[in-house]
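Undergrad: Data: my_file_8.txt, compact mmCIF, C-alpha atoms.
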# COMPACT_ATOMS: atom_id res chain seq x y z
CA MET A 1 -107.15 116.18 76.91
CA GLU A 2 -104.55 113.78 75.62
CA GLU A 3 -101.89 116.38 74.77
CA LEU A 4 -102.05 117.78 78.31
CA VAL A 5 -101.88 114.37 79.99
CA ARG A 6 -98.84 113.46 77.91
CA ARG A 7 -97.16 116.73 78.80
CA ILE A 8 -97.77 116.20 82.52
CA GLN A 9 -96.24 112.73 82.22
CA GLU A 10 -93.21 114.11 80.40
CA ASP A 11 -92.56 117.39 82.20
CA GLY A 12 -94.44 117.29 85.51
CA ASN A 13 -92.59 116.66 88.76
CA VAL A 14 -94.16 114.94 91.73
CA LEU A 15 -92.73 116.66 94.80
CA SER A 16 -94.80 114.75 97.36
CA ASP A 17 -98.05 112.80 97.63
CA GLY A 18 -99.90 116.11 97.42
CA VAL A 19 -97.79 118.33 95.17
CA LEU A 20 -97.37 118.18 91.41
CA LYS A 21 -95.03 120.79 89.97
CA VAL A 22 -95.74 121.92 86.42
CA ASP A 23 -93.53 124.97 86.38
CA ARG A 24 -91.90 123.92 83.09
CA PHE A 25 -95.04 124.58 81.04
CA ILE A 26 -97.84 126.14 83.13
CA THR A 27 -97.05 127.86 86.42
CA HIS A 28 -93.76 129.66 85.79
CA GLN A 29 -92.42 128.90 82.33
CA VAL A 30 -95.45 128.71 80.07
CA ASP A 31 -95.92 126.95 76.73
CA PRO A 32 -98.07 129.26 74.57
CA VAL A 33 -99.02 126.55 72.08
CA LEU A 34 -100.29 124.22 74.79
CA MET A 35 -102.13 127.15 76.41
CA GLU A 36 -103.81 127.99 73.13
CA HIS A 37 -104.97 124.38 72.76
CA ILE A 38 -106.24 124.36 76.36
CA GLY A 39 -108.12 127.61 75.85
CA ALA A 40 -109.63 126.39 72.60
CA ARG A 41 -110.71 123.11 74.20
CA LEU A 42 -112.42 124.87 77.12
CA ALA A 43 -114.12 127.27 74.72
CA GLU A 44 -115.39 124.32 72.69
CA VAL A 45 -116.87 122.65 75.79
CA PHE A 46 -118.70 125.83 76.82
CA ALA A 47 -119.52 127.03 73.30
CA GLU A 48 -123.30 126.80 73.78
CA LYS A 49 -123.33 128.74 77.05
CA LYS A 50 -123.24 132.23 75.53
CA ILE A 51 -120.30 133.20 77.75
CA THR A 52 -119.85 136.99 78.05
CA LYS A 53 -116.83 137.05 80.42
CA VAL A 54 -114.00 134.71 81.30
CA VAL A 55 -112.86 135.19 84.89
CA THR A 56 -109.64 133.91 86.46
CA ILE A 57 -107.23 134.84 89.24
CA GLU A 58 -103.68 136.08 88.93
CA ALA A 59 -101.15 134.84 88.01
CA SER A 60 -101.01 131.35 86.49
CA GLY A 61 -104.70 131.31 85.50
CA ILE A 62 -104.15 134.19 83.08
CA ALA A 63 -102.56 132.29 80.18
CA PRO A 64 -105.24 129.58 79.80
CA ALA A 65 -107.98 132.14 80.49
CA ILE A 66 -106.88 134.63 77.84
CA TYR A 67 -106.91 131.95 75.13
CA ALA A 68 -110.30 130.64 76.27
CA ALA A 69 -111.62 134.21 76.20
CA GLN A 70 -110.22 134.76 72.73
CA SER A 71 -111.91 131.61 71.42
CA LEU A 72 -115.19 132.60 73.09
CA ASN A 73 -114.93 136.15 71.74
CA ALA A 74 -115.25 137.55 75.27
CA PRO A 75 -113.05 139.71 77.50
CA MET A 76 -111.00 138.09 80.26
CA ILE A 77 -110.94 139.51 83.79
CA PHE A 78 -108.33 138.48 86.31
CA ALA A 79 -109.14 138.88 89.99
CA ARG A 80 -106.38 140.48 92.02
CA LYS A 81 -105.05 139.00 95.22
CA ALA A 82 -104.50 142.34 96.94
CA LYS A 83 -105.80 145.82 96.41
CA SER A 84 -103.55 148.09 94.43
CA LEU A 85 -103.40 151.83 95.01
CA THR A 86 -105.03 152.62 91.68
CA MET A 87 -108.01 150.28 92.27
CA ASP A 88 -109.98 152.98 94.01
CA GLU A 89 -113.46 152.11 92.84
CA GLU A 90 -116.14 149.89 94.18
CA LEU A 91 -114.84 146.37 94.45
CA LEU A 92 -116.33 142.91 94.61
CA THR A 93 -114.27 141.12 97.27
CA SER A 94 -114.03 137.65 98.72
CA SER A 95 -111.77 135.77 101.13
CA VAL A 96 -109.69 132.84 99.94
CA TYR A 97 -107.84 130.47 102.23
CA SER A 98 -104.69 128.94 100.77
CA PHE A 99 -103.86 125.52 102.20
CA THR A 100 -100.42 125.73 100.56
CA LYS A 101 -99.50 129.09 102.05
CA GLN A 102 -101.73 128.78 105.12
CA VAL A 103 -102.96 132.33 104.83
CA THR A 104 -106.30 133.93 104.04
CA SER A 105 -106.13 136.56 101.33
CA THR A 106 -108.64 138.92 99.80
CA ILE A 107 -109.37 138.68 96.10
CA SER A 108 -111.16 141.40 94.22
CA ILE A 109 -112.67 142.46 90.91
CA SER A 110 -113.89 145.95 90.06
CA ARG A 111 -117.66 145.92 90.24
CA LYS A 112 -117.99 147.72 86.91
CA PHE A 113 -116.74 144.65 85.01
CA LEU A 114 -119.47 142.20 86.08
CA ASN A 115 -123.24 142.61 86.11
CA GLU A 116 -126.55 140.70 86.07
CA GLN A 117 -126.38 140.21 82.30
CA ASP A 118 -123.07 138.36 82.45
CA ARG A 119 -122.67 134.66 81.85
CA VAL A 120 -119.29 133.72 83.25
CA LEU A 121 -116.79 130.95 82.58
CA ILE A 122 -114.26 130.67 85.39
CA VAL A 123 -110.86 129.30 84.35
CA ASP A 124 -107.98 128.27 86.57
CA ASP A 125 -104.81 126.25 86.23
CA PHE A 126 -105.33 124.02 89.29
CA LEU A 127 -108.29 122.70 91.24
CA ALA A 128 -107.33 121.24 94.62
CA ASN A 129 -109.42 122.34 97.61
CA GLY A 130 -111.46 124.67 95.43
CA GLN A 131 -110.99 127.73 97.60
CA ALA A 132 -109.85 130.05 94.80
CA ALA A 133 -112.67 128.98 92.48
CA LYS A 134 -115.18 129.30 95.32
CA GLY A 135 -113.97 132.87 95.92
CA LEU A 136 -114.37 133.66 92.21
CA ILE A 137 -117.91 132.24 92.20
CA GLU A 138 -118.74 134.45 95.18
CA LEU A 139 -117.45 137.54 93.36
CA CYS A 140 -119.66 136.71 90.38
CA GLN A 141 -122.67 136.07 92.62
CA GLN A 142 -122.19 139.44 94.35
CA ALA A 143 -122.52 141.06 90.92
CA GLY A 144 -125.60 138.99 90.09
CA ALA A 145 -123.73 137.30 87.23
CA GLN A 146 -124.47 133.71 86.28
CA VAL A 147 -121.52 131.29 86.55
CA GLU A 148 -122.03 128.85 83.68
CA GLY A 149 -119.09 126.64 84.48
CA ILE A 150 -115.54 126.21 85.68
CA GLY A 151 -112.81 125.14 83.32
CA ILE A 152 -109.77 123.64 85.03
CA VAL A 153 -106.44 122.68 83.50
CA ILE A 154 -105.35 120.17 86.17
CA GLU A 155 -107.64 118.75 88.85
CA LYS A 156 -106.28 116.96 91.87
CA SER A 157 -109.24 114.61 92.15
CA PHE A 158 -108.03 113.26 95.50
CA GLN A 159 -108.82 116.61 97.10
CA MET A 160 -112.25 118.04 97.82
CA GLY A 161 -112.44 120.95 95.35
CA ARG A 162 -114.72 119.42 92.71
CA GLU A 163 -117.28 118.30 95.28
CA LEU A 164 -117.32 121.75 96.89
CA LEU A 165 -117.93 123.50 93.56
CA GLU A 166 -120.53 121.03 92.31
CA ASP A 167 -122.35 121.45 95.63
CA MET A 168 -122.52 125.16 94.76
CA GLY A 169 -124.35 124.13 91.57
CA VAL A 170 -121.55 124.92 89.13
CA PRO A 171 -120.43 122.38 86.50
CA VAL A 172 -116.71 121.59 86.58
CA VAL A 173 -114.77 120.59 83.47
CA SER A 174 -111.17 119.48 84.02
CA LEU A 175 -108.83 118.75 81.14
CA ALA A 176 -106.64 116.49 83.28
CA ARG A 177 -107.75 114.69 86.44
CA ILE A 178 -105.19 113.27 88.81
CA GLU A 179 -106.27 110.36 90.95
CA SER A 180 -103.09 110.07 92.97
CA LEU A 181 -99.50 111.27 93.27
CA GLU A 182 -98.44 108.41 95.51
CA ASN A 183 -94.97 106.86 95.24
CA GLY A 184 -93.76 109.71 93.03
CA LYS A 185 -96.07 108.65 90.21
CA VAL A 186 -98.95 110.51 88.54
CA SER A 187 -102.07 108.35 88.19
CA PHE A 188 -104.81 109.83 86.03
CA LYS A 189 -108.58 109.48 86.05
CA GLN A 190 -110.65 109.89 82.89
CA ALA A 191 -110.73 113.64 82.18
CA ASP A 192 -113.91 115.59 81.38
CA ALA A 193 -112.75 116.76 77.97
CA MET B 1 -99.38 151.03 67.01
CA GLU B 2 -102.48 152.84 65.78
CA GLU B 3 -105.03 150.36 67.15
CA LEU B 4 -103.53 150.65 70.64
CA VAL B 5 -103.38 154.45 70.59
CA ARG B 6 -107.02 154.60 69.52
CA ARG B 7 -108.01 152.21 72.30
CA ILE B 8 -106.20 154.29 74.92
CA GLN B 9 -108.02 157.38 73.65
CA GLU B 10 -111.37 155.60 73.83
CA ASP B 11 -111.07 153.50 77.00
CA GLY B 12 -108.17 154.90 79.03
CA ASN B 13 -108.84 157.06 82.08
CA VAL B 14 -106.48 159.77 83.23
CA LEU B 15 -106.60 159.71 87.03
CA SER B 16 -103.96 162.37 87.59
CA ASP B 17 -100.99 163.96 85.83
CA GLY B 18 -99.06 160.75 86.47
CA VAL B 19 -101.62 157.95 86.33
CA LEU B 20 -103.32 156.46 83.29
CA LYS B 21 -105.78 153.69 84.08
CA VAL B 22 -106.26 151.07 81.38
CA ASP B 23 -108.09 148.50 83.46
CA ARG B 24 -110.83 148.12 80.83
CA PHE B 25 -108.56 146.38 78.34
CA ILE B 26 -105.09 145.67 79.79
CA THR B 27 -104.52 145.65 83.54
CA HIS B 28 -107.68 144.05 84.96
CA GLN B 29 -110.20 143.31 82.23
CA VAL B 30 -108.16 142.22 79.22
CA ASP B 31 -109.03 142.28 75.52
CA PRO B 32 -107.57 139.09 74.01
CA VAL B 33 -107.79 140.32 70.42
CA LEU B 34 -105.85 143.50 71.19
CA MET B 35 -103.34 141.44 73.19
CA GLU B 36 -102.81 139.11 70.26
CA HIS B 37 -102.18 142.06 67.96
CA ILE B 38 -99.75 143.57 70.49
CA GLY B 39 -97.89 140.27 70.86
CA ALA B 40 -97.71 139.81 67.09
CA ARG B 41 -96.42 143.37 66.59
CA LEU B 42 -93.66 142.94 69.19
CA ALA B 43 -92.71 139.58 67.67
CA GLU B 44 -92.47 141.21 64.27
CA VAL B 45 -90.16 143.96 65.57
CA PHE B 46 -87.81 141.42 67.19
CA ALA B 47 -88.18 138.73 64.53
CA GLU B 48 -84.49 138.82 63.51
CA LYS B 49 -83.17 138.54 67.06
CA LYS B 50 -83.48 134.74 67.38
CA ILE B 51 -85.37 135.12 70.66
CA THR B 52 -85.38 131.92 72.74
CA LYS B 53 -87.37 133.13 75.78
CA VAL B 54 -89.90 135.86 76.45
CA VAL B 55 -89.68 137.12 80.03
CA THR B 56 -92.26 139.21 81.89
CA ILE B 57 -93.47 139.81 85.42
CA GLU B 58 -96.79 138.86 86.96
CA ALA B 59 -99.57 139.76 86.51
CA SER B 60 -100.54 142.21 83.76
CA GLY B 61 -97.44 141.52 81.66
CA ILE B 62 -98.54 137.93 81.11
CA ALA B 63 -101.18 138.49 78.43
CA PRO B 64 -99.05 140.51 75.98
CA ALA B 65 -96.03 138.30 76.74
CA ILE B 66 -97.77 135.00 76.01
CA TYR B 67 -98.90 136.19 72.58
CA ALA B 68 -95.46 137.59 71.77
CA ALA B 69 -93.95 134.25 72.83
CA GLN B 70 -96.41 132.34 70.68
CA SER B 71 -95.56 134.45 67.64
CA LEU B 72 -91.83 134.02 68.31
CA ASN B 73 -92.23 130.28 68.86
CA ALA B 74 -90.61 130.55 72.29
CA PRO B 75 -91.69 129.80 75.84
CA MET B 76 -92.79 132.63 78.12
CA ILE B 77 -91.49 132.92 81.69
CA PHE B 78 -93.15 135.18 84.24
CA ALA B 79 -91.08 136.36 87.17
CA ARG B 80 -92.82 136.06 90.52
CA LYS B 81 -93.07 138.91 92.98
CA ALA B 82 -92.72 136.72 96.06
CA LYS B 83 -91.33 133.28 96.70
CA SER B 84 -93.93 130.54 96.85
CA LEU B 85 -93.55 127.48 99.04
CA THR B 86 -93.12 125.17 96.07
CA MET B 87 -90.36 127.29 94.49
CA ASP B 88 -87.68 125.43 96.39
CA GLU B 89 -84.93 125.43 93.83
CA GLU B 90 -82.16 127.78 93.07
CA LEU B 91 -83.57 131.17 92.17
CA LEU B 92 -82.43 134.21 90.29
CA THR B 93 -83.57 137.16 92.41
CA SER B 94 -83.57 140.91 92.17
CA SER B 95 -85.04 143.83 94.11
CA VAL B 96 -87.63 146.10 92.54
CA TYR B 97 -88.77 149.38 94.05
CA SER B 98 -92.35 150.35 93.25
CA PHE B 99 -92.94 154.11 93.22
CA THR B 100 -96.71 153.45 93.13
CA LYS B 101 -96.77 151.18 96.16
CA GLN B 102 -93.66 152.65 97.81
CA VAL B 103 -92.27 149.24 98.71
CA THR B 104 -89.29 147.21 97.60
CA SER B 105 -90.17 143.68 96.57
CA THR B 106 -88.13 140.70 95.48
CA ILE B 107 -88.76 139.21 92.06
CA SER B 108 -87.50 135.82 91.08
CA ILE B 109 -87.16 133.28 88.28
CA SER B 110 -86.02 129.69 88.69
CA ARG B 111 -82.44 129.47 87.52
CA LYS B 112 -83.14 126.38 85.43
CA PHE B 113 -85.24 128.38 82.94
CA LEU B 114 -82.52 130.82 81.81
CA ASN B 115 -78.96 130.15 80.71
CA GLU B 116 -76.04 131.57 78.68
CA GLN B 117 -77.53 130.37 75.41
CA ASP B 118 -80.73 132.35 75.87
CA ARG B 119 -81.63 135.42 73.87
CA VAL B 120 -84.38 137.16 75.80
CA LEU B 121 -87.16 139.54 74.88
CA ILE B 122 -88.59 141.25 77.96
CA VAL B 123 -92.24 142.29 77.66
CA ASP B 124 -94.25 144.43 80.05
CA ASP B 125 -97.49 146.36 79.97
CA PHE B 126 -96.11 149.66 81.34
CA LEU B 127 -92.80 151.45 81.35
CA ALA B 128 -92.65 154.31 83.83
CA ASN B 129 -89.58 154.48 86.06
CA GLY B 130 -88.22 151.27 84.58
CA GLN B 131 -87.65 149.53 87.89
CA ALA B 132 -89.48 146.31 87.00
CA ALA B 133 -87.75 146.01 83.63
CA LYS B 134 -84.39 146.78 85.26
CA GLY B 135 -85.03 143.95 87.74
CA LEU B 136 -85.86 141.57 84.88
CA ILE B 137 -82.67 142.56 83.02
CA GLU B 138 -80.68 141.83 86.18
CA LEU B 139 -82.26 138.37 86.48
CA CYS B 140 -81.30 137.61 82.89
CA GLN B 141 -77.76 138.92 83.42
CA GLN B 142 -77.33 136.70 86.50
CA ALA B 143 -78.10 133.73 84.26
CA GLY B 144 -75.68 134.95 81.59
CA ALA B 145 -78.55 135.33 79.13
CA GLN B 146 -78.50 138.07 76.50
CA VAL B 147 -81.34 140.60 76.68
CA GLU B 148 -82.08 141.48 73.05
CA GLY B 149 -84.73 144.05 73.75
CA ILE B 150 -87.66 145.26 75.78
CA GLY B 151 -91.13 145.40 74.30
CA ILE B 152 -93.50 147.75 76.10
CA VAL B 153 -97.22 148.21 75.57
CA ILE B 154 -97.52 151.73 77.06
CA GLU B 155 -94.57 153.97 77.85
CA LYS B 156 -94.94 157.04 80.04
CA SER B 157 -92.30 158.99 78.21
CA PHE B 158 -92.36 161.78 80.81
CA GLN B 159 -90.78 159.42 83.33
CA MET B 160 -87.21 158.17 83.35
CA GLY B 161 -87.65 154.48 82.51
CA ARG B 162 -86.54 154.49 78.89
CA GLU B 163 -83.37 156.41 79.64
CA LEU B 164 -82.48 154.04 82.47
CA LEU B 165 -82.92 150.94 80.28
CA GLU B 166 -81.15 152.38 77.26
CA ASP B 167 -78.25 153.32 79.54
CA MET B 168 -78.08 149.61 80.41
CA GLY B 169 -77.57 148.98 76.69
CA VAL B 170 -80.95 147.43 75.99
CA PRO B 171 -83.13 148.64 73.07
CA VAL B 172 -86.64 149.70 74.09
CA VAL B 173 -89.61 149.38 71.73
CA SER B 174 -92.88 150.91 72.96
CA LEU B 175 -96.14 150.48 71.04
CA ALA B 176 -97.63 153.63 72.59
CA ARG B 177 -95.64 156.53 74.03
CA ILE B 178 -97.33 159.06 76.26
CA GLU B 179 -95.83 162.51 76.36
CA SER B 180 -98.12 163.92 79.01
CA LEU B 181 -101.26 163.29 81.04
CA GLU B 182 -101.73 166.91 82.00
CA ASN B 183 -105.20 168.46 82.29
CA GLY B 184 -106.84 165.04 82.14
CA LYS B 185 -105.75 164.55 78.54
CA VAL B 186 -103.48 161.91 76.98
CA SER B 187 -100.88 163.43 74.65
CA PHE B 188 -98.96 160.91 72.57
CA LYS B 189 -95.45 160.95 71.11
CA GLN B 190 -94.57 159.01 67.97
CA ALA B 191 -94.44 155.34 69.00
CA ASP B 192 -91.57 152.99 68.10
CA ALA B 193 -93.73 150.51 66.20
Kindly present the structure from the file in structure tokens form.

TA:
Amino acid sequence: MEELVRRIQEDGNVLSDGVLKVDRFITHQVDPVLMEHIGARLAEVFAEKKITKVVTIEASGIAPAIYAAQSLNAPMIFARKAKSLTMDEELLTSSVYSFTKQVTSTISISRKFLNEQDRVLIVDDFLANGQAAKGLIELCQQAGAQVEGIGIVIEKSFQMGRELLEDMGVPVVSLARIESLENGKVSFKQADA
Amino acid sequence: MEELVRRIQEDGNVLSDGVLKVDRFITHQVDPVLMEHIGARLAEVFAEKKITKVVTIEASGIAPAIYAAQSLNAPMIFARKAKSLTMDEELLTSSVYSFTKQVTSTISISRKFLNEQDRVLIVDDFLANGQAAKGLIELCQQAGAQVEGIGIVIEKSFQMGRELLEDMGVPVVSLARIESLENGKVSFKQADA
């Protein structure tokens, strides 16, 4: 997605060989117009898949996911990273290891929101090691829902996430693919859409 | 906002005299069409205020805030509830006490995203005791930004939040105002918009 690649070049900051900071337009301050375009593009790619639910994880997946859901005419569900006191019902839960924070956390979705009839598009802002997306796939599988695909805003292609998810049998579509962050410079691969 | 009141009547669940659960369309599963209408309505109310930033707090404030920001042609910033390892820069921080979770947490926004020129609309899904919104106002004040108003999706008018915020000199606009949740029934007051 040309508009996204250009924006990463203009406003992204390479903090190290492994870390790209996009807090000016995605992960902290968020550009609604770019998010709408991202959501619409992902919806277009998965238009034939009869998606019934868009699933993401709090917090920075929510903006691209809500626009994708709107374009697909489906509700969006965001998995929570910790149980809240008012989530008292039966939960789908899964463990997610964060390489950045070096902690394992539990993510959850209320069971009532996913079932065997659902065809799910998972959306997230970043794909690196794929642990968050893997956890979301597991939540969907517990509910018997079919995961039709994963739509990613920015993929760090030099990490193992895509391979992990494709090995689980789920197609991955990334709107920007980063080959390397070496020497403070973002090098892109051809994106999927 | 008639559409919102109707939706609360249809899909909201009263868990106790103090707790209304709206996880079917706002706080967990999210209806993008309703969120767009909510964002557009808040933008309309604050259209004359020359808003430059819409500020919310993760996670369930993000959906209404992004649509309000889009309608106002402004970026949206979501405050984080805990520092992340990649948020290494100077932060605006504030303490927020949660009556639900009975813990005090730190919320933060990178200082670079708010300044003296900013005219801020704060958006959140719920207003109860007003602690989260108060924390967001304090973050804006630290940056010297002007808080032009607070747009709330659902106000629990039987709690003290509105009074607290109005005492801070900030206008509050709530799209649904709940007078009482007694006897398992939602009683509404006249909403602000």

Undergrad: Taking into account only C-alpha atoms, which residue in the set A:Ile38, A:Val45, A:Glu2, A:Ala59 is nearest to chain B?

TA: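 Of A:Ile38, A:Val45, A:Glu2, A:Ala59, the one nearest chain B is A:Ala59, counting only C-alpha atoms.
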
Undergrad: Which chain B residues are at most 6 Å from chain A (counting only C-alpha atoms), as a PyMOL selection string?

TA: chain B and resi 28-32+59+66+70+75-78

Undergrad: By how many Å are CA of Ala40 (chain B) and CA of Ile137 (chain B) apart?

TA: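 Those two atoms sit 22.1 Å apart.
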
Undergrad: Any idea what the distance is between CA of Ala143 (chain A) and CA of Ile51 (chain A)?

TA: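 Separation between CA of Ala143 (chain A) and CA of Ile51 (chain A): 15.5 Å.
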
Undergrad: Using all atoms listed in the file, what residues lie at most 7 Å away from (-110.7, 122.8, 95.8) (file coordinates), given as a compact mmCIF listing (two decimals) with C-alpha atoms, keeping the file's coordinate frame?

TA:
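Full text of selection_33.txt as output:
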# COMPACT_ATOMS: atom_id res chain seq x y z
CA LEU A 127 -108.29 122.70 91.24
CA ALA A 128 -107.33 121.24 94.62
CA ASN A 129 -109.42 122.34 97.61
CA GLY A 130 -111.46 124.67 95.43
CA GLN A 131 -110.99 127.73 97.60
CA GLN A 159 -108.82 116.61 97.10
CA MET A 160 -112.25 118.04 97.82
CA GLY A 161 -112.44 120.95 95.35
CA ARG A 162 -114.72 119.42 92.71
CA LEU A 164 -117.32 121.75 96.89

Undergrad: Could you name the residues that touch Glu10 (chain B) at 12 Å or less, counting only C-alpha atoms, but leaving out those on the same chain fewer than 2 positions away, as a count of residues only?

TA: 15

Undergrad: As an exercise, work out the distance from CA of Val96 (chain B) to CA of Gly169 (chain B) in Å and give it to one decimal place.

TA: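 About the pair CA of Val96 (chain B) and CA of Gly169 (chain B): they are 19.0 Å apart.
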
Undergrad: Here is a test: counting only C-alpha atoms, which residue of A:Ile150, A:Asp192, A:Tyr97, A:Phe158 is nearest to Gly135 (chain A)?

TA: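 Closest to Gly135 (chain A) of all the choices is A:Tyr97.
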
Undergrad: Taking 4 positions as the minimum chain separation for residues in the same chain, which residues sit within 7 Å of Lys81 (chain A) when counting all atoms listed in the file? Answer as a compact mmCIF listing (two decimals) with C-alpha atoms, keeping the file's coordinate frame.

TA:
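Final file, selection-v3.txt:
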# COMPACT_ATOMS: atom_id res chain seq x y z
CA SER A 105 -106.13 136.56 101.33
CA THR A 106 -108.64 138.92 99.80
CA ILE A 107 -109.37 138.68 96.10
CA SER A 108 -111.16 141.40 94.22

Undergrad: Pick the closest to Glu148 (chain B) from B:Met168, B:Ile122, B:Ala82, B:Ala133: which is it, counting all atoms listed in the file?

TA: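 Of B:Met168, B:Ile122, B:Ala82, B:Ala133, the one nearest Glu148 (chain B) is B:Ile122, counting all atoms listed in the file.
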
Undergrad: Pick the closest to Ala145 (chain A) from A:Leu92, A:Val120, A:Ala176, A:Ala47: which is it, counting all atoms listed in the file?

TA: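 That would be A:Val120, the residue with the smallest distance to Ala145 (chain A).
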
Undergrad: Counting all atoms listed in the file, which of A:Leu175, A:Leu165, A:Leu139, A:Ala132 gets nearest to Met1 (chain A)?

TA: A:Leu175

Undergrad: What residues have an atom no more than 9 Å from (-111.4, 121.8, 83.5) in the file's own frame, counting only C-alpha atoms, and can you write them as JSON, numbers by chain?

TA: {"A": [42, 123, 124, 125, 126, 127, 150, 151, 152, 153, 154, 155, 172, 173, 174, 175, 176, 177, 191, 192, 193]}

Undergrad: Given all atoms listed in the file as the basis, pick out the residue of A:Pro171, A:Gly184, A:Gly144, A:Gly18 nearest to Ser157 (chain A).

TA: A:Gly18

Undergrad: Once N, CA, C and O atoms are restored for region 176-191 of chain B, what would the output be as a CSV table (one decimal), in the coordinates of the input?

TA:
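Written file, selection.csv:
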chain,number,residue,atom,x,y,z
B,176,ALA,N,-97.0,152.3,72.4
B,176,ALA,CA,-97.6,153.6,72.6
B,176,ALA,C,-96.7,154.4,73.5
B,176,ALA,O,-96.2,153.9,74.5
B,177,ARG,N,-96.5,155.7,73.2
B,177,ARG,CA,-95.6,156.5,74.0
B,177,ARG,C,-96.4,157.8,74.4
B,177,ARG,O,-96.9,158.5,73.6
B,178,ILE,N,-96.5,158.0,75.7
B,178,ILE,CA,-97.3,159.1,76.3
B,178,ILE,C,-96.4,160.2,76.7
B,178,ILE,O,-95.5,160.0,77.5
B,179,GLU,N,-96.7,161.3,76.1
B,179,GLU,CA,-95.8,162.5,76.4
B,179,GLU,C,-96.3,163.2,77.6
B,179,GLU,O,-95.5,163.7,78.4
B,180,SER,N,-97.6,163.2,77.8
B,180,SER,CA,-98.1,163.9,79.0
B,180,SER,C,-99.5,163.5,79.3
B,180,SER,O,-100.3,163.0,78.4
B,181,LEU,N,-99.9,163.6,80.6
B,181,LEU,CA,-101.3,163.3,81.0
B,181,LEU,C,-101.9,164.5,81.7
B,181,LEU,O,-102.8,164.5,82.4
B,182,GLU,N,-101.3,165.7,81.3
B,182,GLU,CA,-101.7,166.9,82.0
B,182,GLU,C,-103.1,167.3,81.6
B,182,GLU,O,-103.6,167.0,80.5
B,183,ASN,N,-103.8,168.0,82.5
B,183,ASN,CA,-105.2,168.5,82.3
B,183,ASN,C,-106.2,167.4,81.9
B,183,ASN,O,-107.1,167.6,81.1
B,184,GLY,N,-105.9,166.1,82.4
B,184,GLY,CA,-106.8,165.0,82.1
B,184,GLY,C,-106.8,164.5,80.7
B,184,GLY,O,-107.7,163.8,80.3
B,185,LYS,N,-105.8,164.9,80.0
B,185,LYS,CA,-105.8,164.6,78.5
B,185,LYS,C,-104.5,163.7,78.2
B,185,LYS,O,-103.4,164.1,78.7
B,186,VAL,N,-104.6,162.7,77.4
B,186,VAL,CA,-103.5,161.9,77.0
B,186,VAL,C,-102.9,162.5,75.7
B,186,VAL,O,-103.5,162.6,74.7
B,187,SER,N,-101.6,163.0,75.8
B,187,SER,CA,-100.9,163.4,74.6
B,187,SER,C,-99.8,162.4,74.3
B,187,SER,O,-99.1,161.9,75.1
B,188,PHE,N,-99.9,162.0,73.0
B,188,PHE,CA,-99.0,160.9,72.6
B,188,PHE,C,-97.7,161.5,71.9
B,188,PHE,O,-97.8,162.5,71.2
B,189,LYS,N,-96.6,160.8,72.0
B,189,LYS,CA,-95.4,161.0,71.1
B,189,LYS,C,-95.5,159.9,70.0
B,189,LYS,O,-96.3,158.9,70.1
B,190,GLN,N,-94.7,160.0,69.0
B,190,GLN,CA,-94.6,159.0,68.0
B,190,GLN,C,-94.1,157.7,68.6
B,190,GLN,O,-93.1,157.7,69.3
B,191,ALA,N,-94.8,156.6,68.4
B,191,ALA,CA,-94.4,155.3,69.0
B,191,ALA,C,-93.3,154.7,68.2
B,191,ALA,O,-93.0,155.1,67.1
